[in-house]
Every structure is written in structure tokens, then in C-alpha cells.
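*Asks:* One structure coming up, written as C-alpha cells, with questions to follow.
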Amino acid sequence: MKDNYPTRLKNTIAFIKRTDKVCFDESYSEYEKNGFIVIKDFFAREDVDLLLKSEASGLVTNEPGIQGIRSRTGVHENEPFKSFLENNTKLIEMVKDILGSKIYIHQSRINYKSNIGANGWHWHSDFETWHAQDGMPNMRCLTAMIPLTENTNCNGSLMVIPTSHEVFYSCKKAKSASSMENFADQKEGLPDNDAIKYFFERANGIIEMVICEPGDLVLFDCNIIHGSTQNMTPIPRTNLFFVFNSIENQLVQPFSTDQIRPDSMAHRNVSKFY
Ligand code: 6CS
Ligand code: FE
């Protein structure tokens with residue numbers, strides 16, 4: 001298959017104009033323009049509180065350098081996360097409208113940033129990873145972020161660069177980490193500082209801190225440049241993520257590696273479509 005977004009090459013560092021449509025439904029113009037949207041009080045508070053209290057199972061990724069769990073992937077395969085997803089027709093219909101087709105779960109995860117000193121995530125585009133490492137062909141994918149605790153102005157909340165989803169940054173090949181290591185501590189697929197500056201200036205100097213609380217829904221495009229800092233506070237930041245991909249954008253062979261990641265990180269054997 002043609003590689004529309006070549007990345008992790010030896011020498012080329014380039015900005016590639018996005019050719020994929022961001023949004024198939026005109027009523028989400030803010031999402032289309034900025035690459036993300038926050039919808040207050042989308043979920044019933046008690047449904048979200050139940051998720052926080054529940055023990056999740058799934059593939060664990062540990063914190064690099066410190067004790068603790070960084071992430072758990074594949075959480076939607078078990079209760080109560082499974083029912084929470086499947087019963088949320090309001091969410092599913094909305095994502096289908098935006099992506100313009102039937103959808104499925106590419107990845108689900110909980111990121112636990114709940115201990116003092118829990119690590120952040122440097123600036124990156126998720127799509128860059130999913131394209132290079134998982135063989136996601138195009139940008140027909142988005143993330144629904146569901147805060148299970150408060151995301152405040154100081155506990156390592158998500159930061160995004162509005163409008164950065166419109167351009168793909170082709171990253172320079174880095175000292176190779178395995179695909180699995182790259183999940184815990186990203187070394188490959190990081191935009192360099194000049195690229196971050198470019199996106200920042202293009203956004204008229206705006207970096208948005210996504211402050212939100214349980215009950216809210218955050219949708220962000222697969223290619224938006226985002227990141228977050230360490231959580232230095234005793235205020236836990238725990239977020240659930242459902243990554244939805246279009247049925248028309250299913251995974252092929254990875255574009256930049258031979259390593260196939262586990263199904264819970266990059267769903268290939270898809271049987272359930274919405
Ligand atoms: O490797 C991944 O799939 C994950 N890593 C990052 C840095 N962002 C999104 C994604 O869940
Ligand atoms: Fe990410």
C-alpha cells in the first residue's frame with residue numbers, strides 16, 4: 001500500500017499537508033478547526049465514578065524509572081468498561097458522524113498518573129506512531145478521552161496545540177527502541193524542537209491545557225500534537241481512552257517496522273464494528 005505519510009526515515013524531515021478529511025459532519029466545526037473539543041457533562045457522573053472504582057484488567061506498561069503502572073491497554077474487553085462503551089450509543093453515533101463511517105476500537109487504555117512523580121508524555125502525534133508501528137494507513141481515527149479523576153491546572157493535564165492536526169510531521173529516525181519500549185518511554189516518533197515551534201507559531205502561540213473533570217468528554221484528532229508533564233502533585237490524574245478508527249482505515253503492515261504490537265495496543269483481528 002502507498003505510504004501517504006512517510007516517517008522515521010534517515011534524513012528526510014518534512015512537513016506533509018494532511019490529505020484526509022478531519023470531520024464528515026459540519027456540526028462539529030470547532031473540532032474540525034482546532035482538532036479537539038471538550039464537551040462538559042457528557043456522561044452520567046455515577047457511570048464514570050463506577051469505572052474509577054473498578055479494577056481494570058489489560059496489558060500493563062510500567063512507569064519508566066519509577067515504581068508504578070503507567071498504562072493498561074485493552075481495558076474495553078472487560079466489564080464494566082465493556083458495557084460502558086457498548087451502551088454509550090450517544091458517544092458511538094457522534095464518533096461515527098465525525099469519522100464518516102462505521103468504526104471500531106483501535107486501542108483502549110487507562111493512563112494512570114496517580115503517584116507523585118508519575119511521568120508525562122513528550123509532544124507527539126499519536127497517528128505518527130500508529131502509522132509507523134501499527135500500519136494505520138490514514139488519518140481517519142480519533143481518541144475519546146474520558147477523565148476518571150479531575151484534570152486540573154497542575155496535575156499533569158493533557159496539553160494540545162490547536163490546528164496542529166492539519167499537518168503531518170515526518171520524524172527523523174531515532175536510536176531505535178523496540179515498539180513496546182516506545183510505548184513506555186517514547187524515543188521514536190518525537191517531533192524535534194523546531195517542529196514544535198512551528199506548530200506553536202501556526203497556532204498563534206496557543207497551547208491549550210485541557211482542564212476537565214469526571215463526566216466530561218474530550219475528543220481529539222489522531223494527528224494533533226499533544227503531550228503532558230509529570231504529575232508533581234498528590235492529586236491523581238487517571239484517564240480512560242477509547243481510540244476509534246474508521247472501518248475504511250484498518251491496519252496493514254506497519255510502515256516503519258517489522259514488529260507487530262500486541263492486539264490490545266493495536267487491534268488487528270477486529271470482529272466488532274459499530
Ligand atoms: O504507542 C501508543 O500507541 C501510545 N503512545 C503514545 C505516546 N500515545 C498514544 C498511544 O496510546
Ligand atoms: Fe498520545
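Labels for the C-alpha cells follow display order: chains A, B, ..., residues from 1 in each chain, ligands from 1.
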Select the residues contacting ligand 2 at a distance of at most 7 Å, based on only C-alpha atoms and all ligand atoms, then format the selection as number ranges by chain.
*Replies:* A: 124-126, 226-227
*Asks:* Using only C-alpha atoms and all ligand atoms, which residues have at least one atom no more than 7 Å from ligand 1? Output them as a list in words.
*Replies:* Trp121, His124, Asp126, Thr129, Trp130, Asn182, Phe183, Gln186 and Met265 of chain A
*Asks:* Considering only strand (DSSP E or B) as DSSP defines it on the backbone, what residues of stretch 3-247 of chain A qualify? List them as a PyMOL selection string.
*Replies:* chain A and resi 9+14-17+36-39+59-62+69-73+103-113+118+121-125+141-147+151+159-160+167-170+172+208-209+212+217-221+225-228+231+237-246
*Asks:* Give the alpha helix (DSSP H) residues of stretch 20-263 of chain A, as assigned by DSSP on the backbone, as a PyMOL selection string.
*Replies:* chain A and resi 29-34+45-53+81-86+89-99+126-134+179-184+193-202
*Asks:* Calculate how many Å separate atom CA of A:Pro234 from atom CA of A:Leu51, rounding to one decimal.
*Replies:* 20.4 Å
*Asks:* Between A:Val48, A:Met1, A:Met180, A:Ile39, which is the closest to A:Pro254 once you count only C-alpha atoms?
*Replies:*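 Among the listed residues, the smallest separation from A:Pro254 belongs to A:Met1.
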*Asks:* A:Asn115, A:Arg202, A:Gly58, A:Arg140: which is nearest A:Glu77, counting only C-alpha atoms?
*Replies:* A:Gly58
*Asks:* Which residues are near A:Leu251? Cut-off 10 Å, only C-alpha atoms, ignore same chain within fewer than 4 positions. Put them as a list in words.
*Replies:*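 Listing them by chain and then by number gives His106, Trp130, His131, Asp134, Gly135, Met136, Pro137, Asn138, Asn245, Ile247, Ala266, His267, Arg268, Asn269 and Val270 of chain A.
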*Asks:* Identify, on the basis of only C-alpha atoms, every residue whose closest approach to A:Thr238 does not exceed 10 Å; exclude the query and any residue fewer than 4 positions from it along the same chain; express the result as a list of chain:residue names.
*Replies:*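 The neighbour list is A:Leu52, A:Arg70, A:Ser71, A:Ile110, A:Asn111, A:Tyr112, A:Lys113, A:Ser114, A:Ile146, A:Pro147, A:Leu148, A:Thr149, A:Glu150, A:Asn151, A:Ser157, A:Pro214.
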*Asks:* Pick out the closest residue to A:Glu79 from this set: A:Cys154, A:Leu50, A:Ile161, A:Leu91. Count only C-alpha atoms.
*Replies:*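 Result for the nearest residue to A:Glu79: A:Leu50.
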*Asks:* Would you list the contacts of stretch 65-67 of chain A as a PyMOL selection string, taking every protein, DNA or RNA residue within 9 Å and counting only C-alpha atoms, but skipping same-chain residues closer than 6 positions in sequence?
*Replies:* chain A and resi 117-119
*Asks:* Mind writing the picked residues with all heavy atoms as a tab-separated table (two decimals), in the first residue's frame?
*Replies:*
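Saved as out24.tsv:
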chain	number	residue	atom	x	y	z
A	117	GLY	N	5.17	12.27	40.98
A	117	GLY	CA	6.34	11.93	40.14
A	117	GLY	C	6.01	11.09	38.93
A	117	GLY	O	6.91	10.74	38.17
A	118	ALA	N	4.73	10.74	38.75
A	118	ALA	CA	4.34	9.96	37.56
A	118	ALA	C	4.76	10.71	36.31
A	118	ALA	O	4.60	11.93	36.22
A	118	ALA	CB	2.83	9.70	37.57
A	119	ASN	N	5.29	9.97	35.36
A	119	ASN	CA	5.88	10.59	34.16
A	119	ASN	C	4.85	11.20	33.22
A	119	ASN	O	3.72	10.74	33.13
A	119	ASN	CB	6.65	9.53	33.37
A	119	ASN	CG	7.90	9.08	34.08
A	119	ASN	OD1	8.86	9.84	34.18
A	119	ASN	ND2	7.89	7.87	34.60
*Asks:* For stretch 183-263 of chain A versus stretch 165-176 of chain A, which residues have an atom no more than 10 Å away, and what is each residue's nearest atom pair and distance in Å rounded to one decimal, using only C-alpha atoms, chain-then-number order, as JSON lines?
*Replies:*
{"residue": "A:Lys187", "atom": "CA", "partner": "A:Ala174", "partner_atom": "CA", "distance": 6.7}
{"residue": "A:Glu188", "atom": "CA", "partner": "A:Ala174", "partner_atom": "CA", "distance": 5.4}
{"residue": "A:Gly189", "atom": "CA", "partner": "A:Cys171", "partner_atom": "CA", "distance": 5.5}
{"residue": "A:Leu190", "atom": "CA", "partner": "A:Cys171", "partner_atom": "CA", "distance": 6.4}
{"residue": "A:Pro191", "atom": "CA", "partner": "A:Cys171", "partner_atom": "CA", "distance": 5.8}
{"residue": "A:Asp192", "atom": "CA", "partner": "A:Cys171", "partner_atom": "CA", "distance": 7.8}
{"residue": "A:Ala195", "atom": "CA", "partner": "A:Tyr169", "partner_atom": "CA", "distance": 7.5}
{"residue": "A:Ile196", "atom": "CA", "partner": "A:Tyr169", "partner_atom": "CA", "distance": 9.6}
{"residue": "A:Phe199", "atom": "CA", "partner": "A:Val167", "partner_atom": "CA", "distance": 8.7}
{"residue": "A:Phe220", "atom": "CA", "partner": "A:His165", "partner_atom": "CA", "distance": 9.1}
{"residue": "A:Asp221", "atom": "CA", "partner": "A:His165", "partner_atom": "CA", "distance": 6.6}
{"residue": "A:Cys222", "atom": "CA", "partner": "A:His165", "partner_atom": "CA", "distance": 7.5}
{"residue": "A:Asn223", "atom": "CA", "partner": "A:His165", "partner_atom": "CA", "distance": 4.7}
{"residue": "A:Ile224", "atom": "CA", "partner": "A:His165", "partner_atom": "CA", "distance": 4.0}
{"residue": "A:Ile225", "atom": "CA", "partner": "A:His165", "partner_atom": "CA", "distance": 6.7}
{"residue": "A:His226", "atom": "CA", "partner": "A:His165", "partner_atom": "CA", "distance": 9.8}
{"residue": "A:Ser256", "atom": "CA", "partner": "A:Lys173", "partner_atom": "CA", "distance": 9.6}
*Asks:* Please produce a file of those selected residues containing all heavy atoms, as a short mmCIF file (atom, residue, chain, number, x, y, z; two decimals), in the first residue's frame.
*Replies:*
data_model
loop_
_atom_site.label_atom_id
_atom_site.label_comp_id
_atom_site.auth_asym_id
_atom_site.auth_seq_id
_atom_site.Cartn_x
_atom_site.Cartn_y
_atom_site.Cartn_z
N LYS A 187 10.84 7.20 22.28
CA LYS A 187 12.12 7.69 21.75
C LYS A 187 11.98 7.94 20.25
O LYS A 187 12.55 8.88 19.71
CB LYS A 187 13.22 6.65 21.97
CG LYS A 187 13.53 6.35 23.43
CD LYS A 187 14.51 7.39 23.97
CE LYS A 187 15.10 7.07 25.34
NZ LYS A 187 14.21 6.70 26.41
N GLU A 188 11.23 7.07 19.60
CA GLU A 188 11.00 7.20 18.15
C GLU A 188 9.72 7.99 17.92
O GLU A 188 8.74 7.85 18.67
CB GLU A 188 10.79 5.80 17.53
CG GLU A 188 12.06 5.03 17.32
CD GLU A 188 12.74 5.36 16.00
OE1 GLU A 188 12.48 6.44 15.43
OE2 GLU A 188 13.52 4.53 15.54
N GLY A 189 9.72 8.79 16.87
CA GLY A 189 8.49 9.48 16.50
C GLY A 189 8.23 10.76 17.28
O GLY A 189 7.10 11.20 17.39
N LEU A 190 9.30 11.33 17.82
CA LEU A 190 9.13 12.60 18.53
C LEU A 190 9.50 13.76 17.60
O LEU A 190 10.59 13.76 17.02
CB LEU A 190 10.02 12.64 19.77
CG LEU A 190 9.63 11.68 20.89
CD1 LEU A 190 10.64 11.78 22.03
CD2 LEU A 190 8.23 11.97 21.41
N PRO A 191 8.63 14.73 17.47
CA PRO A 191 8.99 15.91 16.68
C PRO A 191 10.14 16.66 17.35
O PRO A 191 10.22 16.68 18.58
CB PRO A 191 7.72 16.76 16.68
CG PRO A 191 6.79 16.17 17.69
CD PRO A 191 7.28 14.82 18.04
N ASP A 192 11.04 17.22 16.55
CA ASP A 192 12.13 17.97 17.19
C ASP A 192 11.64 19.37 17.59
O ASP A 192 10.52 19.76 17.30
CB ASP A 192 13.38 17.99 16.31
CG ASP A 192 13.12 18.67 14.98
OD1 ASP A 192 12.16 19.45 14.89
OD2 ASP A 192 13.87 18.38 14.02
N ALA A 195 10.13 21.78 15.07
CA ALA A 195 8.79 21.40 14.61
C ALA A 195 7.75 21.84 15.64
O ALA A 195 6.69 22.37 15.29
CB ALA A 195 8.72 19.89 14.40
N ILE A 196 8.06 21.67 16.90
CA ILE A 196 7.11 22.09 17.95
C ILE A 196 6.89 23.60 17.87
O ILE A 196 5.78 24.08 17.95
CB ILE A 196 7.62 21.66 19.34
CG1 ILE A 196 7.64 20.13 19.43
CG2 ILE A 196 6.76 22.24 20.46
CD1 ILE A 196 8.52 19.58 20.51
N PHE A 199 4.58 24.41 14.94
CA PHE A 199 3.16 24.18 15.25
C PHE A 199 2.62 25.23 16.22
O PHE A 199 1.48 25.69 16.09
CB PHE A 199 2.96 22.77 15.83
CG PHE A 199 3.06 21.68 14.80
CD1 PHE A 199 4.06 20.73 14.83
CD2 PHE A 199 2.11 21.61 13.77
CE1 PHE A 199 4.14 19.73 13.87
CE2 PHE A 199 2.19 20.60 12.80
CZ PHE A 199 3.20 19.66 12.85
N PHE A 220 -10.15 14.13 20.58
CA PHE A 220 -9.06 14.77 19.84
C PHE A 220 -8.62 13.93 18.65
O PHE A 220 -8.64 12.69 18.69
CB PHE A 220 -7.89 15.20 20.73
CG PHE A 220 -7.18 14.12 21.51
CD1 PHE A 220 -6.05 13.50 20.98
CD2 PHE A 220 -7.60 13.74 22.77
CE1 PHE A 220 -5.37 12.53 21.70
CE2 PHE A 220 -6.91 12.76 23.51
CZ PHE A 220 -5.80 12.16 22.96
N ASP A 221 -8.27 14.63 17.60
CA ASP A 221 -7.89 14.01 16.34
C ASP A 221 -6.59 13.21 16.51
O ASP A 221 -5.71 13.59 17.29
CB ASP A 221 -7.69 15.11 15.28
CG ASP A 221 -7.29 14.53 13.95
OD1 ASP A 221 -8.18 14.05 13.22
OD2 ASP A 221 -6.07 14.51 13.64
N CYS A 222 -6.47 12.14 15.73
CA CYS A 222 -5.31 11.24 15.85
C CYS A 222 -3.99 11.93 15.53
O CYS A 222 -2.93 11.45 15.94
CB CYS A 222 -5.49 10.03 14.95
SG CYS A 222 -5.64 10.43 13.20
N ASN A 223 -4.03 13.05 14.81
CA ASN A 223 -2.76 13.67 14.41
C ASN A 223 -2.44 14.95 15.18
O ASN A 223 -1.44 15.60 14.91
CB ASN A 223 -2.77 13.96 12.90
CG ASN A 223 -1.41 14.41 12.39
OD1 ASN A 223 -0.39 13.77 12.70
ND2 ASN A 223 -1.36 15.50 11.64
N ILE A 224 -3.27 15.30 16.15
CA ILE A 224 -2.98 16.55 16.87
C ILE A 224 -1.72 16.38 17.73
O ILE A 224 -1.50 15.31 18.31
CB ILE A 224 -4.18 17.02 17.73
CG1 ILE A 224 -4.03 18.49 18.11
CG2 ILE A 224 -4.36 16.13 18.97
CD1 ILE A 224 -5.31 19.10 18.68
N ILE A 225 -0.89 17.41 17.76
CA ILE A 225 0.30 17.36 18.61
C ILE A 225 -0.12 17.63 20.05
O ILE A 225 -0.77 18.64 20.33
CB ILE A 225 1.35 18.40 18.16
CG1 ILE A 225 1.79 18.16 16.70
CG2 ILE A 225 2.55 18.40 19.11
CD1 ILE A 225 2.73 17.00 16.47
N HIS A 226 0.20 16.70 20.92
CA HIS A 226 -0.21 16.81 22.32
C HIS A 226 0.86 16.21 23.22
O HIS A 226 1.77 15.51 22.75
CB HIS A 226 -1.56 16.12 22.53
CG HIS A 226 -1.52 14.64 22.26
ND1 HIS A 226 -1.44 14.12 20.98
CD2 HIS A 226 -1.49 13.58 23.10
CE1 HIS A 226 -1.40 12.80 21.06
NE2 HIS A 226 -1.42 12.44 22.33
N SER A 256 6.99 1.32 9.24
CA SER A 256 8.39 1.59 9.62
C SER A 256 9.02 0.52 10.50
O SER A 256 10.06 0.77 11.10
CB SER A 256 8.48 2.91 10.38
OG SER A 256 7.80 3.92 9.71
#
